>>> print(open('model03.json').read())   # JSON, C-alpha atoms
[["chain", "number", "residue", "atom", "x", "y", "z"],
["A", 21, "MET", "CA", 23.50, -20.71, 11.57],
["A", 22, "ARG", "CA", 27.25, -20.23, 11.60],
["A", 23, "VAL", "CA", 28.82, -20.87, 15.01],
["A", 24, "ALA", "CA", 32.38, -20.06, 16.13],
["A", 25, "PHE", "CA", 34.04, -22.48, 18.56],
["A", 26, "LEU", "CA", 36.90, -20.61, 20.25],
["A", 27, "VAL", "CA", 39.69, -22.79, 21.65],
["A", 28, "ALA", "CA", 43.35, -22.52, 22.65],
["A", 29, "PRO", "CA", 46.00, -24.55, 20.79],
["A", 30, "GLU", "CA", 45.80, -27.21, 23.51],
["A", 31, "GLY", "CA", 43.81, -28.06, 26.58],
["A", 32, "VAL", "CA", 40.21, -27.99, 25.38],
["A", 33, "GLU", "CA", 38.09, -30.72, 26.98],
["A", 34, "GLU", "CA", 37.35, -32.95, 24.00],
["A", 35, "SER", "CA", 33.75, -33.81, 24.86],
["A", 36, "GLU", "CA", 32.96, -30.12, 25.45],
["A", 37, "LEU", "CA", 34.14, -29.39, 21.91],
["A", 38, "THR", "CA", 32.77, -32.41, 20.05],
["A", 39, "GLY", "CA", 29.37, -32.64, 21.78],
["A", 40, "PRO", "CA", 28.23, -29.07, 20.98],
["A", 41, "TRP", "CA", 29.91, -29.30, 17.54],
["A", 42, "GLU", "CA", 27.80, -32.36, 16.69],
["A", 43, "ALA", "CA", 24.66, -30.68, 18.07],
["A", 44, "VAL", "CA", 25.21, -27.61, 15.87],
["A", 45, "THR", "CA", 25.90, -29.82, 12.83],
["A", 46, "GLU", "CA", 22.82, -31.98, 13.45],
["A", 47, "ALA", "CA", 20.71, -28.80, 13.69],
["A", 48, "GLY", "CA", 21.90, -27.83, 10.20],
["A", 49, "GLY", "CA", 24.44, -25.29, 11.40],
["A", 50, "GLU", "CA", 28.02, -24.68, 10.35],
["A", 51, "PRO", "CA", 30.54, -24.99, 13.19],
["A", 52, "VAL", "CA", 33.87, -23.17, 12.68],
["A", 53, "LEU", "CA", 36.95, -23.95, 14.79],
["A", 54, "VAL", "CA", 38.70, -20.70, 15.73],
["A", 55, "SER", "CA", 41.99, -20.67, 17.65],
["A", 56, "THR", "CA", 44.84, -18.35, 18.50],
["A", 57, "TRP", "CA", 47.24, -20.28, 16.23],
["A", 58, "PRO", "CA", 46.76, -21.92, 12.82],
["A", 59, "GLY", "CA", 47.19, -25.65, 12.25],
["A", 60, "GLU", "CA", 45.71, -28.04, 14.76],
["A", 61, "VAL", "CA", 44.53, -27.95, 18.35],
["A", 62, "LEU", "CA", 45.14, -30.77, 20.82],
["A", 63, "SER", "CA", 42.16, -31.74, 22.93],
["A", 64, "PHE", "CA", 42.26, -33.49, 26.28],
["A", 65, "ARG", "CA", 40.07, -36.11, 27.93],
["A", 66, "HIS", "CA", 40.43, -34.73, 31.42],
["A", 67, "LEU", "CA", 44.22, -35.08, 31.96],
["A", 68, "GLU", "CA", 44.96, -37.44, 29.06],
["A", 69, "LYS", "CA", 45.80, -36.20, 25.57],
["A", 70, "GLY", "CA", 42.91, -36.55, 23.16],
["A", 71, "ASP", "CA", 42.40, -36.03, 19.46],
["A", 72, "ARG", "CA", 43.70, -33.23, 17.27],
["A", 73, "PHE", "CA", 41.34, -30.94, 15.35],
["A", 74, "VAL", "CA", 42.11, -28.72, 12.36],
["A", 75, "VAL", "CA", 41.75, -24.98, 12.94],
["A", 76, "ASP", "CA", 39.45, -23.31, 10.41],
["A", 77, "GLN", "CA", 40.28, -19.70, 11.24],
["A", 78, "VAL", "CA", 42.61, -17.72, 13.49],
["A", 79, "VAL", "CA", 41.26, -15.26, 16.06],
["A", 80, "GLY", "CA", 42.84, -12.18, 14.47],
["A", 81, "GLU", "CA", 41.13, -12.94, 11.16],
["A", 82, "VAL", "CA", 37.54, -13.14, 12.40],
["A", 83, "SER", "CA", 34.91, -10.93, 14.00],
["A", 84, "ALA", "CA", 31.60, -11.60, 15.69],
["A", 85, "GLY", "CA", 29.78, -10.29, 12.61],
["A", 86, "MET", "CA", 30.91, -13.38, 10.70],
["A", 87, "PHE", "CA", 28.94, -15.68, 13.02],
["A", 88, "ASP", "CA", 25.52, -16.11, 14.58],
["A", 89, "ALA", "CA", 26.84, -17.38, 17.93],
["A", 90, "LEU", "CA", 29.91, -18.41, 19.93],
["A", 91, "VAL", "CA", 30.70, -21.59, 21.87],
["A", 92, "LEU", "CA", 33.40, -21.52, 24.55],
["A", 93, "PRO", "CA", 34.29, -25.12, 25.44],
["A", 94, "GLY", "CA", 36.02, -25.74, 28.75],
["A", 95, "GLY", "CA", 38.85, -27.76, 30.10],
["A", 96, "VAL", "CA", 41.00, -26.04, 32.70],
["A", 97, "ALA", "CA", 43.96, -25.12, 30.46],
["A", 98, "ASN", "CA", 41.89, -23.98, 27.46],
["A", 99, "PRO", "CA", 40.09, -20.93, 28.93],
["A", 100, "ASP", "CA", 43.08, -20.16, 31.15],
["A", 101, "GLN", "CA", 45.21, -19.69, 28.01],
["A", 102, "LEU", "CA", 42.49, -17.80, 26.14],
["A", 103, "ARG", "CA", 41.88, -15.27, 28.91],
["A", 104, "THR", "CA", 45.50, -14.12, 28.61],
["A", 105, "ASP", "CA", 45.20, -13.60, 24.83],
["A", 106, "ALA", "CA", 44.02, -10.06, 24.05],
["A", 107, "GLU", "CA", 42.60, -11.00, 20.64],
["A", 108, "ALA", "CA", 40.57, -13.87, 22.10],
["A", 109, "VAL", "CA", 39.18, -11.61, 24.84],
["A", 110, "ASP", "CA", 38.41, -8.91, 22.26],
["A", 111, "LEU", "CA", 36.51, -11.45, 20.14],
["A", 112, "VAL", "CA", 34.34, -12.38, 23.12],
["A", 113, "LYS", "CA", 33.72, -8.67, 23.80],
["A", 114, "ASP", "CA", 32.75, -8.26, 20.13],
["A", 115, "PHE", "CA", 30.09, -10.99, 20.48],
["A", 116, "VAL", "CA", 28.75, -9.27, 23.60],
["A", 117, "ASP", "CA", 28.74, -5.83, 21.95],
["A", 118, "GLN", "CA", 26.90, -7.18, 18.91],
["A", 119, "GLY", "CA", 24.35, -9.04, 21.05],
["A", 120, "ARG", "CA", 25.23, -12.43, 19.62],
["A", 121, "PRO", "CA", 24.63, -15.38, 21.99],
["A", 122, "ILE", "CA", 27.48, -17.09, 23.79],
["A", 123, "ALA", "CA", 27.47, -20.60, 25.27],
["A", 124, "ALA", "CA", 30.20, -21.47, 27.80],
["A", 125, "ILE", "CA", 30.70, -24.70, 29.73],
["A", 126, "CYS", "CA", 32.82, -25.81, 32.67],
["A", 127, "HIS", "CA", 35.84, -23.46, 33.14],
["A", 128, "ALA", "CA", 35.05, -21.40, 30.01],
["A", 129, "PRO", "CA", 33.30, -18.62, 31.98],
["A", 130, "TRP", "CA", 36.82, -17.49, 32.94],
["A", 131, "LEU", "CA", 36.90, -15.96, 29.47],
["A", 132, "LEU", "CA", 33.54, -14.25, 30.07],
["A", 133, "ILE", "CA", 34.95, -12.84, 33.31],
["A", 134, "GLU", "CA", 38.03, -11.52, 31.50],
["A", 135, "ALA", "CA", 35.77, -9.89, 28.90],
["A", 136, "ASP", "CA", 33.78, -8.21, 31.71],
["A", 137, "ALA", "CA", 30.63, -9.97, 30.51],
["A", 138, "VAL", "CA", 29.28, -11.41, 33.79],
["A", 139, "ARG", "CA", 28.57, -8.27, 35.85],
["A", 140, "GLY", "CA", 24.90, -8.34, 36.83],
["A", 141, "ARG", "CA", 24.35, -11.69, 35.14],
["A", 142, "THR", "CA", 23.43, -15.11, 36.54],
["A", 143, "LEU", "CA", 25.40, -18.10, 35.32],
["A", 144, "THR", "CA", 26.71, -21.50, 36.22],
["A", 145, "SER", "CA", 30.10, -23.13, 35.68],
["A", 146, "TYR", "CA", 32.39, -25.71, 37.14],
["A", 147, "PRO", "CA", 31.92, -25.12, 40.89],
["A", 148, "SER", "CA", 35.49, -23.88, 41.44],
["A", 149, "LEU", "CA", 34.65, -20.72, 39.44],
["A", 150, "ALA", "CA", 31.81, -19.65, 41.76],
["A", 151, "THR", "CA", 33.97, -17.17, 43.70],
["A", 152, "ASP", "CA", 35.52, -15.80, 40.49],
["A", 153, "ILE", "CA", 32.04, -15.16, 39.05],
["A", 154, "ARG", "CA", 30.86, -13.47, 42.25],
["A", 155, "ASN", "CA", 34.02, -11.35, 42.41],
["A", 156, "ALA", "CA", 33.35, -10.24, 38.82],
["A", 157, "GLY", "CA", 29.88, -9.01, 39.80],
["A", 158, "GLY", "CA", 27.87, -12.03, 38.66],
["A", 159, "THR", "CA", 25.61, -14.45, 40.49],
["A", 160, "TRP", "CA", 26.62, -18.12, 40.45],
["A", 161, "VAL", "CA", 24.03, -20.92, 40.57],
["A", 162, "ASP", "CA", 24.48, -24.68, 40.75],
["A", 163, "GLU", "CA", 22.35, -25.75, 37.78],
["A", 164, "ALA", "CA", 22.94, -28.01, 34.77],
["A", 165, "VAL", "CA", 22.21, -25.11, 32.41],
["A", 166, "ARG", "CA", 21.47, -21.43, 32.95],
["A", 167, "VAL", "CA", 20.27, -19.10, 30.22],
["A", 168, "ASP", "CA", 20.57, -15.41, 31.11],
["A", 169, "SER", "CA", 19.07, -12.97, 28.62],
["A", 170, "SER", "CA", 19.17, -9.95, 30.91],
["A", 171, "GLY", "CA", 22.19, -8.27, 29.31],
["A", 172, "PRO", "CA", 23.31, -7.17, 25.88],
["A", 173, "THR", "CA", 23.69, -10.80, 24.78],
["A", 174, "THR", "CA", 22.26, -14.11, 25.86],
["A", 175, "LEU", "CA", 24.70, -16.10, 27.98],
["A", 176, "LEU", "CA", 24.11, -19.83, 28.16],
["A", 177, "THR", "CA", 26.29, -21.62, 30.71],
["A", 178, "SER", "CA", 26.71, -25.14, 32.01],
["A", 179, "ARG", "CA", 28.76, -26.95, 34.67],
["A", 180, "THR", "CA", 30.53, -30.08, 33.43],
["A", 181, "PRO", "CA", 30.60, -32.74, 30.69],
["A", 182, "ARG", "CA", 27.85, -34.57, 32.60],
["A", 183, "ASP", "CA", 25.55, -31.68, 31.65],
["A", 184, "LEU", "CA", 26.33, -31.81, 27.92],
["A", 185, "PRO", "CA", 22.94, -33.23, 26.83],
["A", 186, "ALA", "CA", 21.09, -30.32, 28.49],
["A", 187, "PHE", "CA", 23.74, -27.80, 27.34],
["A", 188, "ASN", "CA", 23.57, -28.99, 23.73],
["A", 189, "GLU", "CA", 19.78, -28.92, 23.65],
["A", 190, "ALA", "CA", 19.67, -25.40, 25.11],
["A", 191, "LEU", "CA", 22.37, -23.98, 22.85],
["A", 192, "VAL", "CA", 20.69, -25.31, 19.70],
["A", 193, "GLY", "CA", 17.43, -23.69, 20.80],
["A", 194, "VAL", "CA", 19.02, -20.34, 21.70],
["A", 195, "PHE", "CA", 21.29, -20.24, 18.64],
["A", 196, "THR", "CA", 18.55, -21.25, 16.19],
["A", 197, "THR", "CA", 16.22, -18.59, 17.53],
["A", 198, "ALA", "CA", 18.93, -15.91, 17.39],
["A", 199, "ALA", "CA", 19.98, -16.86, 13.84],
["A", 200, "ALA", "CA", 16.35, -16.77, 12.63],
["A", 201, "ALA", "CA", 15.78, -13.36, 14.26],
["A", 202, "ALA", "CA", 18.90, -11.96, 12.59],
["A", 203, "ARG", "CA", 17.64, -12.87, 9.12]]
>>> encode(input="model03.json", output="structure tokens")
Amino acid sequence: MRVAFLVAPEGVEESELTGPWEAVTEAGGEPVLVSTWPGEVLSFRHLEKGDRFVVDQVVGEVSAGMFDALVLPGGVANPDQLRTDAEAVDLVKDFVDQGRPIAAICHAPWLLIEADAVRGRTLTSYPSLATDIRNAGGTWVDEAVRVDSSGPTTLLTSRTPRDLPAFNEALVGVFTTAAAAAR
């Protein structure tokens, strides 16, 4: 399975990038770092600067059809930047339109909201997004992981870095199943 990880040039929560990345790699998948700018992205460990990661591809050069699934890591600044980037939002919409699964953790559902992908869906997130999700027509639940397959694509969401073990296990299961079905 080939999995896109969409991040802004800075602000991604490091553990929410590296944990799922390692899970995809360990499951035999190919993670691909996609950003709005070439070069490197700067991660954060909460409010402290973290490591830098090399961008594999730029948003304007990829489409959902090139991947089996999409991971949207959180961090407050990361999805806040991405939801104001038309190409990033269009990429998320492309994954939804093509029925390819999307996993989003922490504040990343902001990007799902911007892509109008939560209406009628049930998801979780960092608790401060509960009102945003409800206002966008979704149902918010306080759970470690929520998988919603009721729409055009499976949405897998999670709350915080504390939930990464459950998030990683669920995303590998959902992504592996989707990749096998597509072949």
>>> atom_distance(input="model03.json", atom1="CA of Leu102 (chain A)", atom2="CA of Phe25 (chain A)")
12.3 Å
>>> residues_around(input="model03.json", residues="Leu175 (chain A)", least_positions_apart="6", cutoff="6 Å", atoms="only C-alpha atoms", output="ChimeraX atom specification")
/A:122-123,167-168
>>> atom_distance(input="model03.json", atom1="CA of Leu184 (chain A)", atom2="CA of Val91 (chain A)")
12.7 Å
>>> residues_around(input="model03.json", residues="Arg182 (chain A)", least_positions_apart="4", cutoff="12 Å", atoms="all atoms listed in the file", output="PyMOL selection string")
chain A and resi 35-36+39+125-126+146+163-165+178+186-188
>>> residues_around(input="model03.json", residues="Ile133 (chain A)", least_positions_apart="4", cutoff="9 Å", atoms="only C-alpha atoms", output="list in words")
Arg103, Pro129, Ala137, Val138, Arg139, Asp152, Ile153, Ala156 and Gly158 of chain A
>>> residues_around(input="model03.json", residues="region 196-203 of chain A", least_positions_apart="3", cutoff="10 Å", atoms="all atoms listed in the file", output="PyMOL selection string")
chain A and resi 21-23+44+47-49+87-89+119-121+174+190-193
>>> closest_residue(input="model03.json", among="A:Leu149, A:Val78, A:Ala43, A:Val32", to="Trp57 (chain A)", atoms="all atoms listed in the file")
A:Val78
>>> closest_residue(input="model03.json", among="A:Leu26, A:Leu132, A:Ala124, A:Ala97", to="Val79 (chain A)", atoms="only C-alpha atoms")
A:Leu26
>>> atom_distance(input="model03.json", atom1="CA of Gly140 (chain A)", atom2="CA of Pro181 (chain A)")
25.8 Å
>>> residues_near_point(input="model03.json", point="(42.3, -30.4, 26.4)", cutoff="9 Å", atoms="all atoms listed in the file", output="list in words")
Ala28, Pro29, Glu30, Gly31, Val32, Glu33, Glu34, Val61, Leu62, Ser63, Phe64, Arg65, His66, Leu67, Glu68, Lys69, Gly70, Asp71, Gly94, Gly95, Val96, Ala97 and Asn98 of chain A
>>> closest_residue(input="model03.json", among="A:Ser55, A:Ser145, A:Thr104, A:Thr173", to="Val161 (chain A)", atoms="all atoms listed in the file")
A:Ser145
